[in-house]
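K.L.:
File name structure15.txt; file contents compact mmCIF, C-alpha atoms; full text below.
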# COMPACT_ATOMS: atom_id res chain seq x y z
CA MET G 1 4.89 -29.79 49.88
CA SER G 2 1.62 -30.75 48.19
CA GLY G 3 0.14 -28.70 45.38
CA ASN G 4 -2.86 -27.61 47.47
CA GLY G 5 -4.70 -26.30 44.42
CA LEU G 6 -1.72 -24.33 43.09
CA ARG G 7 -2.00 -23.18 39.49
CA VAL G 8 1.18 -23.71 37.51
CA ALA G 9 1.87 -22.27 34.06
CA ILE G 10 3.66 -24.77 31.83
CA PHE G 11 5.29 -22.57 29.21
CA ALA G 12 5.61 -24.58 26.01
CA ASP G 13 5.61 -23.73 22.33
CA GLU G 14 3.89 -27.05 21.58
CA THR G 15 1.90 -29.55 23.62
CA GLY G 16 2.46 -33.29 23.58
CA TRP G 17 4.15 -36.06 25.51
CA HIS G 18 6.22 -33.81 27.79
CA THR G 19 3.41 -31.46 28.73
CA ARG G 20 1.00 -34.36 29.39
CA ARG G 21 3.55 -35.94 31.73
CA LEU G 22 4.02 -32.68 33.60
CA GLN G 23 0.29 -32.10 33.93
CA ALA G 24 -0.20 -35.63 35.28
CA ALA G 25 2.62 -35.15 37.78
CA LEU G 26 1.10 -31.87 38.95
CA ARG G 27 -2.34 -33.47 39.34
CA ALA G 28 -0.76 -36.20 41.45
CA ARG G 29 0.38 -33.45 43.84
CA GLY G 30 -2.96 -31.64 43.86
CA ALA G 31 -1.90 -28.86 41.49
CA LEU G 32 -3.22 -27.73 38.12
CA GLY G 33 -0.88 -27.33 35.17
CA ARG G 34 -2.04 -25.10 32.34
CA CYS G 35 -0.08 -25.01 29.07
CA VAL G 36 0.69 -21.52 27.79
CA ASP G 37 2.72 -20.38 24.81
CA LEU G 38 4.93 -17.43 25.74
CA ALA G 39 4.15 -16.01 22.29
CA ASP G 40 0.53 -15.61 23.47
CA CYS G 41 1.49 -13.75 26.63
CA ARG G 42 1.66 -10.00 26.55
CA ILE G 43 2.55 -6.95 28.53
CA ASP G 44 -0.45 -4.71 29.18
CA THR G 45 -0.05 -2.19 31.98
CA THR G 46 -3.78 -1.41 31.88
CA ALA G 47 -4.89 -5.01 32.43
CA ALA G 48 -3.79 -5.63 36.02
CA TRP G 49 -1.58 -4.28 38.78
CA HIS G 50 1.32 -6.43 37.60
CA GLY G 51 1.09 -5.49 33.92
CA LEU G 52 1.11 -9.03 32.51
CA VAL G 53 -1.53 -11.02 30.65
CA ILE G 54 -1.00 -14.79 30.96
CA PRO G 55 -3.75 -16.62 29.02
CA GLY G 56 -5.84 -18.84 31.28
CA PHE G 57 -4.97 -16.96 34.47
CA GLY G 58 -7.25 -13.92 34.13
CA ARG G 59 -6.01 -10.93 36.08
CA GLU G 60 -3.98 -13.15 38.41
CA LEU G 61 -0.48 -14.51 38.15
CA PRO G 62 0.30 -18.24 38.22
CA ASP G 63 1.57 -19.61 41.53
CA ALA G 64 4.60 -21.00 39.71
CA ALA G 65 5.88 -21.48 36.19
CA LEU G 66 7.72 -24.38 34.57
CA VAL G 67 9.47 -23.63 31.28
CA ARG G 68 9.22 -26.51 28.81
CA GLY G 69 9.87 -24.62 25.58
CA ILE G 70 10.24 -21.18 24.05
CA ALA G 71 9.34 -20.73 20.39
CA GLY G 72 11.92 -19.22 18.08
CA GLY G 73 11.24 -15.86 16.48
CA SER G 74 12.76 -12.51 15.75
CA PHE G 75 15.20 -10.98 18.22
CA GLU G 76 12.41 -8.69 19.38
CA GLN G 77 9.91 -11.52 19.86
CA VAL G 78 12.29 -13.70 21.83
CA THR G 79 13.30 -10.70 23.95
CA LYS G 80 9.65 -10.09 24.83
CA ARG G 81 9.09 -13.75 25.72
CA LEU G 82 12.11 -13.81 27.98
CA GLY G 83 10.96 -10.49 29.38
CA VAL G 84 7.74 -12.13 30.57
CA LEU G 85 9.81 -14.72 32.43
CA HIS G 86 12.03 -12.02 33.91
CA ALA G 87 8.93 -10.11 35.03
CA LEU G 88 7.36 -13.15 36.67
CA ARG G 89 10.51 -13.77 38.68
CA ALA G 90 10.66 -10.12 39.71
CA LEU G 91 7.02 -10.35 40.80
CA GLY G 92 7.81 -13.26 43.11
CA VAL G 93 6.62 -16.15 40.94
CA PRO G 94 9.00 -19.16 41.07
CA VAL G 95 10.12 -19.78 37.46
CA TYR G 96 11.75 -23.16 36.75
CA ASN G 97 14.25 -22.61 34.95
CA ASP G 98 14.18 -18.84 35.12
CA ALA G 99 15.05 -16.56 32.22
CA ARG G 100 18.58 -15.80 33.41
CA ALA G 101 19.47 -19.49 33.57
CA ILE G 102 17.89 -20.18 30.17
CA GLU G 103 19.83 -17.31 28.61
CA ARG G 104 23.07 -18.75 29.95
CA SER G 105 22.34 -22.24 28.63
CA VAL G 106 20.80 -21.40 25.25
CA ASP G 107 23.84 -19.28 24.32
CA LYS G 108 26.52 -21.93 23.75
CA SER G 109 29.34 -19.40 24.04
CA ALA G 110 28.09 -18.29 27.47
CA THR G 111 27.81 -21.93 28.52
CA SER G 112 31.38 -22.65 27.42
CA LEU G 113 32.70 -19.55 29.16
CA LEU G 114 30.96 -20.36 32.45
CA LEU G 115 32.08 -23.99 32.39
CA HIS G 116 35.66 -22.87 31.76
CA ALA G 117 35.49 -20.22 34.50
CA ALA G 118 34.25 -22.88 36.94
CA GLY G 119 37.29 -25.03 36.13
CA LEU G 120 35.25 -27.82 34.58
CA PRO G 121 36.69 -29.96 31.77
CA THR G 122 35.24 -28.91 28.43
CA PRO G 123 36.78 -28.90 24.92
CA PRO G 124 38.64 -25.75 23.80
CA THR G 125 36.05 -23.39 22.38
CA TRP G 126 35.99 -20.17 20.35
CA ALA G 127 33.28 -17.67 19.38
CA ILE G 128 34.51 -15.30 16.66
CA GLU G 129 32.68 -12.72 14.57
CA SER G 130 35.49 -12.04 12.10
CA PRO G 131 35.39 -14.58 9.23
CA VAL G 132 39.07 -13.95 8.58
CA GLU G 133 40.09 -14.66 12.18
CA ALA G 134 37.81 -17.69 12.30
CA GLN G 135 39.36 -19.10 9.12
CA ARG G 136 42.86 -18.53 10.52
CA LEU G 137 41.89 -20.42 13.66
CA VAL G 138 40.57 -23.34 11.62
CA MET G 139 43.82 -23.46 9.64
CA ARG G 140 45.96 -23.40 12.82
CA GLU G 141 43.88 -26.16 14.42
CA SER G 142 44.02 -28.19 11.22
CA ALA G 143 47.80 -27.85 11.05
CA ALA G 144 47.96 -29.08 14.65
CA GLY G 145 45.94 -32.16 13.68
CA HIS G 146 42.59 -31.14 15.11
CA ALA G 147 39.05 -31.19 13.74
CA LEU G 148 36.59 -28.57 14.96
CA VAL G 149 32.82 -28.71 15.29
CA LEU G 150 31.03 -25.66 13.91
CA LYS G 151 27.70 -25.18 15.71
CA PRO G 152 24.87 -22.63 15.48
CA LEU G 153 25.13 -20.52 18.62
CA PHE G 154 21.46 -21.07 19.47
CA GLY G 155 20.98 -24.48 17.85
CA SER G 156 19.60 -27.67 19.40
CA GLN G 157 19.04 -31.36 18.63
CA GLY G 158 22.30 -31.60 16.70
CA LYS G 159 21.02 -29.48 13.81
CA GLY G 160 23.47 -27.51 11.69
CA LEU G 161 26.65 -29.14 13.04
CA GLN G 162 29.59 -29.35 10.63
CA LEU G 163 33.16 -30.63 10.90
CA VAL G 164 35.97 -28.31 9.79
CA GLY G 165 39.73 -28.38 10.17
CA LEU G 166 41.53 -31.70 9.73
CA VAL G 167 38.75 -34.16 8.84
CA ASP G 168 39.64 -37.68 7.64
CA GLY G 169 43.17 -36.57 6.84
CA GLU G 170 42.15 -33.59 4.71
CA HIS G 171 41.76 -29.91 5.49
CA ARG G 172 38.16 -28.75 5.44
CA PRO G 173 37.78 -24.94 5.46
CA LEU G 174 35.18 -22.94 7.31
CA PRO G 175 32.00 -22.48 5.24
CA ALA G 176 30.20 -19.20 4.73
CA LEU G 177 28.61 -18.15 8.00
CA ASP G 178 25.60 -16.27 6.62
CA ALA G 179 23.00 -19.06 6.52
CA GLY G 180 22.26 -20.72 9.83
CA TYR G 181 25.15 -19.28 11.86
CA GLY G 182 24.25 -15.60 12.19
CA ARG G 183 27.67 -14.52 10.86
CA LEU G 184 29.30 -15.97 13.97
CA ALA G 185 31.71 -18.88 14.22
CA TYR G 186 31.13 -20.91 17.38
CA LEU G 187 33.77 -23.62 17.20
CA GLN G 188 34.56 -26.43 19.59
CA ARG G 189 37.51 -28.79 19.23
CA ARG G 190 36.18 -32.23 18.36
CA VAL G 191 36.75 -34.95 20.94
CA PRO G 192 37.71 -38.09 18.99
CA ALA G 193 35.65 -41.21 19.62
CA LEU G 194 37.33 -43.72 21.91
CA ALA G 195 35.30 -46.64 20.56
CA GLU G 196 33.10 -47.62 17.65
CA PRO G 197 30.27 -46.86 17.62
CA GLY G 198 30.86 -43.61 19.44
CA PHE G 199 28.72 -42.39 22.32
CA ASP G 200 28.20 -39.71 24.90
CA TRP G 201 26.12 -39.44 28.05
CA ARG G 202 23.06 -37.34 28.74
CA VAL G 203 22.75 -36.81 32.49
CA LEU G 204 19.67 -35.22 33.99
CA VAL G 205 20.24 -32.98 37.00
CA VAL G 206 17.23 -31.94 39.10
CA GLY G 207 17.55 -29.61 42.06
CA GLY G 208 21.33 -29.91 42.09
CA ARG G 209 21.37 -33.71 42.04
CA ALA G 210 22.04 -36.05 39.12
CA VAL G 211 19.02 -38.36 38.98
CA ALA G 212 19.27 -40.34 35.72
CA ALA G 213 21.61 -40.97 32.82
CA MET G 214 21.73 -42.67 29.46
CA ARG G 215 24.30 -43.38 26.78
CA ARG G 216 23.53 -42.00 23.33
CA VAL G 217 25.16 -44.35 20.83
CA SER G 218 25.54 -43.66 17.12
CA THR G 219 27.69 -44.64 14.16
CA HIS G 220 27.48 -40.95 13.19
CA TRP G 221 29.72 -38.45 14.98
CA VAL G 222 26.62 -36.51 16.13
CA HIS G 223 25.07 -38.32 19.09
CA ASN G 224 21.76 -36.49 19.47
CA VAL G 225 18.63 -38.64 19.70
CA ALA G 226 16.97 -36.36 17.13
CA GLN G 227 19.76 -37.36 14.70
CA GLY G 228 19.16 -41.08 15.15
CA ALA G 229 21.26 -42.02 18.18
CA ARG G 230 20.14 -45.04 20.22
CA CYS G 231 19.34 -44.57 23.91
CA LEU G 232 20.87 -47.12 26.28
CA PRO G 233 20.70 -47.26 30.09
CA ALA G 234 23.75 -45.93 31.92
CA ALA G 235 24.81 -46.16 35.54
CA LEU G 236 25.30 -42.87 37.35
CA GLU G 237 28.94 -43.38 38.26
CA PRO G 238 30.14 -40.91 40.93
CA ALA G 239 32.50 -39.00 38.60
CA LEU G 240 29.81 -38.69 35.92
CA ALA G 241 27.17 -37.52 38.40
CA ARG G 242 29.51 -35.04 40.08
CA LEU G 243 30.58 -33.44 36.81
CA ALA G 244 26.96 -33.08 35.65
CA GLU G 245 25.97 -31.52 38.97
CA ASP G 246 28.89 -29.08 38.84
CA ALA G 247 27.97 -28.09 35.27
CA ALA G 248 24.35 -27.39 36.24
CA ALA G 249 25.53 -25.38 39.24
CA ALA G 250 27.89 -23.30 37.08
CA LEU G 251 24.89 -22.13 35.05
CA GLU G 252 22.59 -21.89 38.10
CA LEU G 253 19.98 -24.19 36.58
CA ASP G 254 17.10 -25.76 38.50
CA TYR G 255 17.16 -28.68 36.10
CA ALA G 256 19.50 -29.47 33.24
CA GLY G 257 20.36 -32.03 30.62
CA VAL G 258 24.15 -32.24 30.65
CA ASP G 259 25.97 -33.79 27.67
CA ILE G 260 29.26 -35.41 28.65
CA ILE G 261 31.68 -37.24 26.36
CA PRO G 262 34.50 -39.67 27.17
CA ALA G 263 37.84 -38.19 26.21
CA PRO G 264 41.49 -39.23 25.99
CA GLY G 265 44.10 -37.71 28.24
CA ALA G 266 44.05 -36.26 31.72
CA ALA G 267 40.36 -35.30 31.65
CA PRO G 268 38.52 -38.56 30.83
CA LEU G 269 35.11 -36.85 30.99
CA GLN G 270 34.35 -33.53 29.27
CA VAL G 271 31.17 -31.44 29.22
CA LEU G 272 30.00 -30.65 25.70
CA GLU G 273 26.75 -28.76 26.34
CA VAL G 274 24.25 -27.96 29.08
CA ASN G 275 20.58 -27.79 28.12
CA GLY G 276 18.31 -25.60 30.24
CA VAL G 277 15.10 -26.66 28.46
CA ALA G 278 15.97 -30.33 28.27
CA ALA G 279 13.73 -32.92 26.65
CA TRP G 280 13.68 -36.28 28.40
CA GLN G 281 11.50 -38.64 26.36
CA GLY G 282 14.48 -40.73 25.23
CA LEU G 283 15.89 -40.86 28.74
CA GLN G 284 12.54 -41.86 30.21
CA ARG G 285 12.43 -44.88 27.89
CA VAL G 286 15.55 -46.36 29.50
CA THR G 287 15.01 -45.52 33.16
CA PRO G 288 12.20 -46.45 35.58
CA PHE G 289 12.71 -43.12 37.34
CA ASP G 290 9.68 -40.82 36.86
CA ILE G 291 11.35 -37.71 35.50
CA ALA G 292 8.27 -35.48 35.27
CA GLN G 293 7.40 -36.29 38.88
CA ALA G 294 10.93 -35.44 39.99
CA LEU G 295 10.75 -32.06 38.24
CA VAL G 296 7.37 -31.26 39.77
CA ASP G 297 8.43 -32.41 43.24
CA ASP G 298 11.54 -30.23 43.12
CA LEU G 299 9.55 -27.25 41.89
CA LEU G 300 6.98 -27.59 44.68
CA GLN G 301 9.21 -28.73 47.55
CA ARG G 302 12.22 -26.53 46.94
CA ARG G 303 11.22 -23.50 44.88
CA VAL G 304 7.57 -22.92 45.80
CA ALA G 305 8.02 -23.91 49.45
CA ALA G 306 11.08 -21.66 49.79
CA GLY G 307 9.14 -18.74 48.38
CA ALA G 308 6.28 -19.33 50.79
CA ALA G 309 8.72 -19.47 53.71
CA ARG G 310 10.28 -16.15 52.70
CA ARG G 311 6.87 -14.49 52.54
CA ARG G 312 6.02 -15.74 56.05
CA ALA G 313 9.33 -14.52 57.50
What is this structure when it is put down as structure tokens?

P.N.:
Amino acid sequence: MSGNGLRVAIFADETGWHTRRLQAALRARGALGRCVDLADCRIDTTAAWHGLVIPGFGRELPDAALVRGIAGGSFEQVTKRLGVLHALRALGVPVYNDARAIERSVDKSATSLLLHAAGLPTPPTWAIESPVEAQRLVMRESAAGHALVLKPLFGSQGKGLQLVGLVDGEHRPLPALDAGYGRLAYLQRRVPALAEPGFDWRVLVVGGRAVAAMRRVSTHWVHNVAQGARCLPAALEPALARLAEDAAAALELDYAGVDIIPAPGAAPLQVLEVNGVAAWQGLQRVTPFDIAQALVDDLLQRRVAAGAARRRA
């Protein structure tokens, strides 16, 4: 399906390389992409029949929306921003990824639970509000010879990660959870590196199909590109692609960046995280595959076209 003059809202909290790539891909299909910050959108039931104000779209709704980023804020602010996405979907606008999928992926505990429920290999994970119970868990895991990774529930780019439990032969207790963790312990058993330097894979899934992958290599135990990891090309081996596709399907994501790590034992590949607002600049550097064009093509050909077919039926 061509864009045919469609107007697409690119929801992003900042403009730059990613938004320019998406706009160019939309232009190549005859569509217009307009960048909008969800913080600037508002609910106004006097403004139009639908009750939304999307800057740049007047009294009309966009023909589709592509979510590139949602700015952080207070609980109330983020709830309103997600509410705009929920409302667009309810009003028949294809939202890619929609608010429900983003909520599942941005909450690491929900991601872990859904991966586990789908029977996918993922490290043992806990989300505990009681500091006492969390500290007891860390002590039990440490006594069993395990290190745990403490992560902010809503964190990204490898920020705020800490090792606790048995680390380099010594017990490391759980820190205070007030600053940066929202008084919640989200803990994932660390998968030991099988080689030096260590690495994991980032696999991009678009429309249910794994389309590109890279290895993220680092001498540090955190393998995020934002923390200095090197991006290397990686072949999409069948087992790697299948696991990434199953992880994206478990969270019902239109597109996803799936982080997979090699592991010892019976499950040689394990899913660490699934990102529903995935950046792909590092991946694009090591693959000739045009990622922005793939995202736009899937949005137009699968989501927008399907919506048009339903309206004609």

K.L.:
Any chance you could tabulate, as a tab-separated table, the residues of stretch 171-265 of chain G at most 12 Å from stretch 59-82 of chain G with each one's nearest atom pair and distance in Å to one decimal, using all atoms listed in the file, in chain and rising number order?

P.N.:
residue	atom	partner	partner_atom	distance
G:Gly182	CA	G:Phe75	CA	11.8
G:Leu253	CA	G:Val67	CA	11.8
G:Asp254	CA	G:Leu66	CA	10.3
G:Tyr255	CA	G:Val67	CA	10.4
G:Ala256	CA	G:Arg68	CA	11.6

K.L.:
Please report as JSON lines every residue of stretch 234-293 of chain G lying within 10 Å of stretch 95-116 of chain G, along with the nearest atom pair and their distance in Å (one decimal), using only C-alpha atoms.

P.N.:
{"residue": "G:Asp246", "atom": "CA", "partner": "G:Leu115", "partner_atom": "CA", "distance": 8.8}
{"residue": "G:Ala247", "atom": "CA", "partner": "G:Leu115", "partner_atom": "CA", "distance": 6.5}
{"residue": "G:Ala248", "atom": "CA", "partner": "G:Leu115", "partner_atom": "CA", "distance": 9.3}
{"residue": "G:Ala249", "atom": "CA", "partner": "G:Leu115", "partner_atom": "CA", "distance": 9.6}
{"residue": "G:Ala250", "atom": "CA", "partner": "G:Leu114", "partner_atom": "CA", "distance": 6.3}
{"residue": "G:Leu251", "atom": "CA", "partner": "G:Ala101", "partner_atom": "CA", "distance": 6.2}
{"residue": "G:Glu252", "atom": "CA", "partner": "G:Ala101", "partner_atom": "CA", "distance": 6.0}
{"residue": "G:Leu253", "atom": "CA", "partner": "G:Ala101", "partner_atom": "CA", "distance": 5.6}
{"residue": "G:Asp254", "atom": "CA", "partner": "G:Asn97", "partner_atom": "CA", "distance": 5.5}
{"residue": "G:Tyr255", "atom": "CA", "partner": "G:Asn97", "partner_atom": "CA", "distance": 6.8}
{"residue": "G:Ala256", "atom": "CA", "partner": "G:Asn97", "partner_atom": "CA", "distance": 8.8}
{"residue": "G:Val271", "atom": "CA", "partner": "G:Leu115", "partner_atom": "CA", "distance": 8.1}
{"residue": "G:Leu272", "atom": "CA", "partner": "G:Ser112", "partner_atom": "CA", "distance": 8.3}
{"residue": "G:Glu273", "atom": "CA", "partner": "G:Thr111", "partner_atom": "CA", "distance": 7.2}
{"residue": "G:Val274", "atom": "CA", "partner": "G:Ser105", "partner_atom": "CA", "distance": 6.0}
{"residue": "G:Asn275", "atom": "CA", "partner": "G:Ser105", "partner_atom": "CA", "distance": 5.8}
{"residue": "G:Gly276", "atom": "CA", "partner": "G:Ile102", "partner_atom": "CA", "distance": 5.4}
{"residue": "G:Val277", "atom": "CA", "partner": "G:Ile102", "partner_atom": "CA", "distance": 7.3}

K.L.:
Which residues, written as a ChimeraX atom specification, have at least one atom at most 12 Å from G:Glu196, with only C-alpha atoms counted and residues fewer than 4 positions away on the same chain left out?

P.N.:
/G:192,200,217-221

K.L.:
Between atom CA of G:Gln281 and atom CA of G:Ala213, what is the distance, to one decimal in Å?

P.N.:
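A separation of 12.2 Å between them.
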
K.L.:
Show me, as an mmCIF file with C-alpha atoms, in the frame of the given file, the residues that have an atom within 6 Å of G:Ala185 when counting all atoms listed in the file, minus same-chain residues fewer than 2 positions from it.

P.N.:
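What follows is the written file selection.cif:
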data_model
loop_
_atom_site.group_PDB
_atom_site.id
_atom_site.type_symbol
_atom_site.label_atom_id
_atom_site.label_comp_id
_atom_site.auth_asym_id
_atom_site.auth_seq_id
_atom_site.Cartn_x
_atom_site.Cartn_y
_atom_site.Cartn_z
ATOM 1 C CA ALA G 127 33.280 -17.670 19.380
ATOM 2 C CA ILE G 128 34.510 -15.300 16.660
ATOM 3 C CA LEU G 187 33.770 -23.620 17.200
#

K.L.:
Which protein, DNA or RNA residues have an atom at most 12 Å from (29.9, -14.6, 14.3), counting only C-alpha atoms? List them as a list of chain:residue names.

P.N.:
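Residues found, by chain and rising number: G:Ser109, G:Trp126, G:Ala127, G:Ile128, G:Glu129, G:Ser130, G:Pro131, G:Val132, G:Glu133, G:Ala134, G:Gln135, G:Leu150, G:Lys151, G:Pro152, G:Leu153, G:Phe154, G:Ala176, G:Leu177, G:Asp178, G:Ala179, G:Gly180, G:Tyr181, G:Gly182, G:Arg183, G:Leu184, G:Ala185, G:Tyr186, G:Leu187.
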
K.L.:
Would you mind completing stretch 206-216 of chain G so that it carries all heavy atoms, and writing it out as an mmCIF file, keeping the file's coordinate frame?

P.N.:
data_model
loop_
_atom_site.group_PDB
_atom_site.id
_atom_site.type_symbol
_atom_site.label_atom_id
_atom_site.label_comp_id
_atom_site.auth_asym_id
_atom_site.auth_seq_id
_atom_site.Cartn_x
_atom_site.Cartn_y
_atom_site.Cartn_z
ATOM 1 N N VAL G 206 18.444 -32.571 38.582
ATOM 2 C CA VAL G 206 17.230 -31.940 39.100
ATOM 3 C C VAL G 206 17.513 -31.455 40.521
ATOM 4 O O VAL G 206 17.915 -32.242 41.389
ATOM 5 C CB VAL G 206 16.044 -32.931 39.127
ATOM 6 C CG1 VAL G 206 14.789 -32.255 39.705
ATOM 7 C CG2 VAL G 206 15.754 -33.449 37.730
ATOM 8 N N GLY G 207 17.335 -30.157 40.728
ATOM 9 C CA GLY G 207 17.550 -29.610 42.060
ATOM 10 C C GLY G 207 18.959 -29.816 42.578
ATOM 11 O O GLY G 207 19.164 -30.018 43.783
ATOM 12 N N GLY G 208 19.940 -29.772 41.686
ATOM 13 C CA GLY G 208 21.330 -29.910 42.090
ATOM 14 C C GLY G 208 21.829 -31.333 42.205
ATOM 15 O O GLY G 208 22.999 -31.548 42.536
ATOM 16 N N ARG G 209 20.976 -32.311 41.900
ATOM 17 C CA ARG G 209 21.370 -33.710 42.040
ATOM 18 C C ARG G 209 21.162 -34.459 40.740
ATOM 19 O O ARG G 209 20.106 -34.349 40.116
ATOM 20 C CB ARG G 209 20.527 -34.362 43.165
ATOM 21 C CG ARG G 209 20.922 -35.800 43.481
ATOM 22 C CD ARG G 209 20.182 -36.283 44.729
ATOM 23 N NE ARG G 209 18.746 -36.378 44.478
ATOM 24 C CZ ARG G 209 18.139 -37.487 44.045
ATOM 25 N NH1 ARG G 209 18.859 -38.579 43.783
ATOM 26 N NH2 ARG G 209 16.825 -37.514 43.868
ATOM 27 N N ALA G 210 22.177 -35.200 40.299
ATOM 28 C CA ALA G 210 22.040 -36.050 39.120
ATOM 29 C C ALA G 210 21.098 -37.196 39.458
ATOM 30 O O ALA G 210 21.310 -37.913 40.434
ATOM 31 C CB ALA G 210 23.399 -36.576 38.690
ATOM 32 N N VAL G 211 20.050 -37.379 38.642
ATOM 33 C CA VAL G 211 19.020 -38.360 38.980
ATOM 34 C C VAL G 211 18.906 -39.489 37.966
ATOM 35 O O VAL G 211 18.356 -40.550 38.284
ATOM 36 C CB VAL G 211 17.641 -37.677 39.144
ATOM 37 C CG1 VAL G 211 17.661 -36.683 40.302
ATOM 38 C CG2 VAL G 211 17.200 -36.980 37.856
ATOM 39 N N ALA G 212 19.386 -39.301 36.745
ATOM 40 C CA ALA G 212 19.270 -40.340 35.720
ATOM 41 C C ALA G 212 20.263 -40.057 34.615
ATOM 42 O O ALA G 212 20.671 -38.911 34.392
ATOM 43 C CB ALA G 212 17.840 -40.390 35.161
ATOM 44 N N ALA G 213 20.652 -41.124 33.916
ATOM 45 C CA ALA G 213 21.610 -40.970 32.820
ATOM 46 C C ALA G 213 21.333 -42.012 31.750
ATOM 47 O O ALA G 213 20.727 -43.056 32.013
ATOM 48 C CB ALA G 213 23.041 -41.109 33.337
ATOM 49 N N MET G 214 21.774 -41.698 30.545
ATOM 50 C CA MET G 214 21.730 -42.670 29.460
ATOM 51 C C MET G 214 22.956 -42.462 28.584
ATOM 52 O O MET G 214 23.589 -41.399 28.597
ATOM 53 C CB MET G 214 20.462 -42.500 28.613
ATOM 54 C CG MET G 214 20.374 -41.201 27.832
ATOM 55 S SD MET G 214 18.895 -41.137 26.792
ATOM 56 C CE MET G 214 18.987 -39.452 26.165
ATOM 57 N N ARG G 215 23.293 -43.502 27.836
ATOM 58 C CA ARG G 215 24.300 -43.380 26.780
ATOM 59 C C ARG G 215 23.580 -43.169 25.467
ATOM 60 O O ARG G 215 22.597 -43.851 25.168
ATOM 61 C CB ARG G 215 25.165 -44.632 26.707
ATOM 62 C CG ARG G 215 26.184 -44.748 27.810
ATOM 63 C CD ARG G 215 27.309 -45.707 27.452
ATOM 64 N NE ARG G 215 26.832 -46.991 26.964
ATOM 65 C CZ ARG G 215 27.547 -47.812 26.202
ATOM 66 N NH1 ARG G 215 28.768 -47.473 25.808
ATOM 67 N NH2 ARG G 215 27.062 -48.979 25.815
ATOM 68 N N ARG G 216 24.058 -42.234 24.670
ATOM 69 C CA ARG G 216 23.530 -42.000 23.330
ATOM 70 C C ARG G 216 24.566 -42.527 22.345
ATOM 71 O O ARG G 216 25.660 -41.970 22.228
ATOM 72 C CB ARG G 216 23.247 -40.511 23.121
ATOM 73 C CG ARG G 216 22.304 -39.930 24.162
ATOM 74 C CD ARG G 216 21.923 -38.494 23.871
ATOM 75 N NE ARG G 216 23.093 -37.610 23.820
ATOM 76 C CZ ARG G 216 23.019 -36.289 23.676
ATOM 77 N NH1 ARG G 216 21.842 -35.713 23.546
ATOM 78 N NH2 ARG G 216 24.104 -35.553 23.661
#
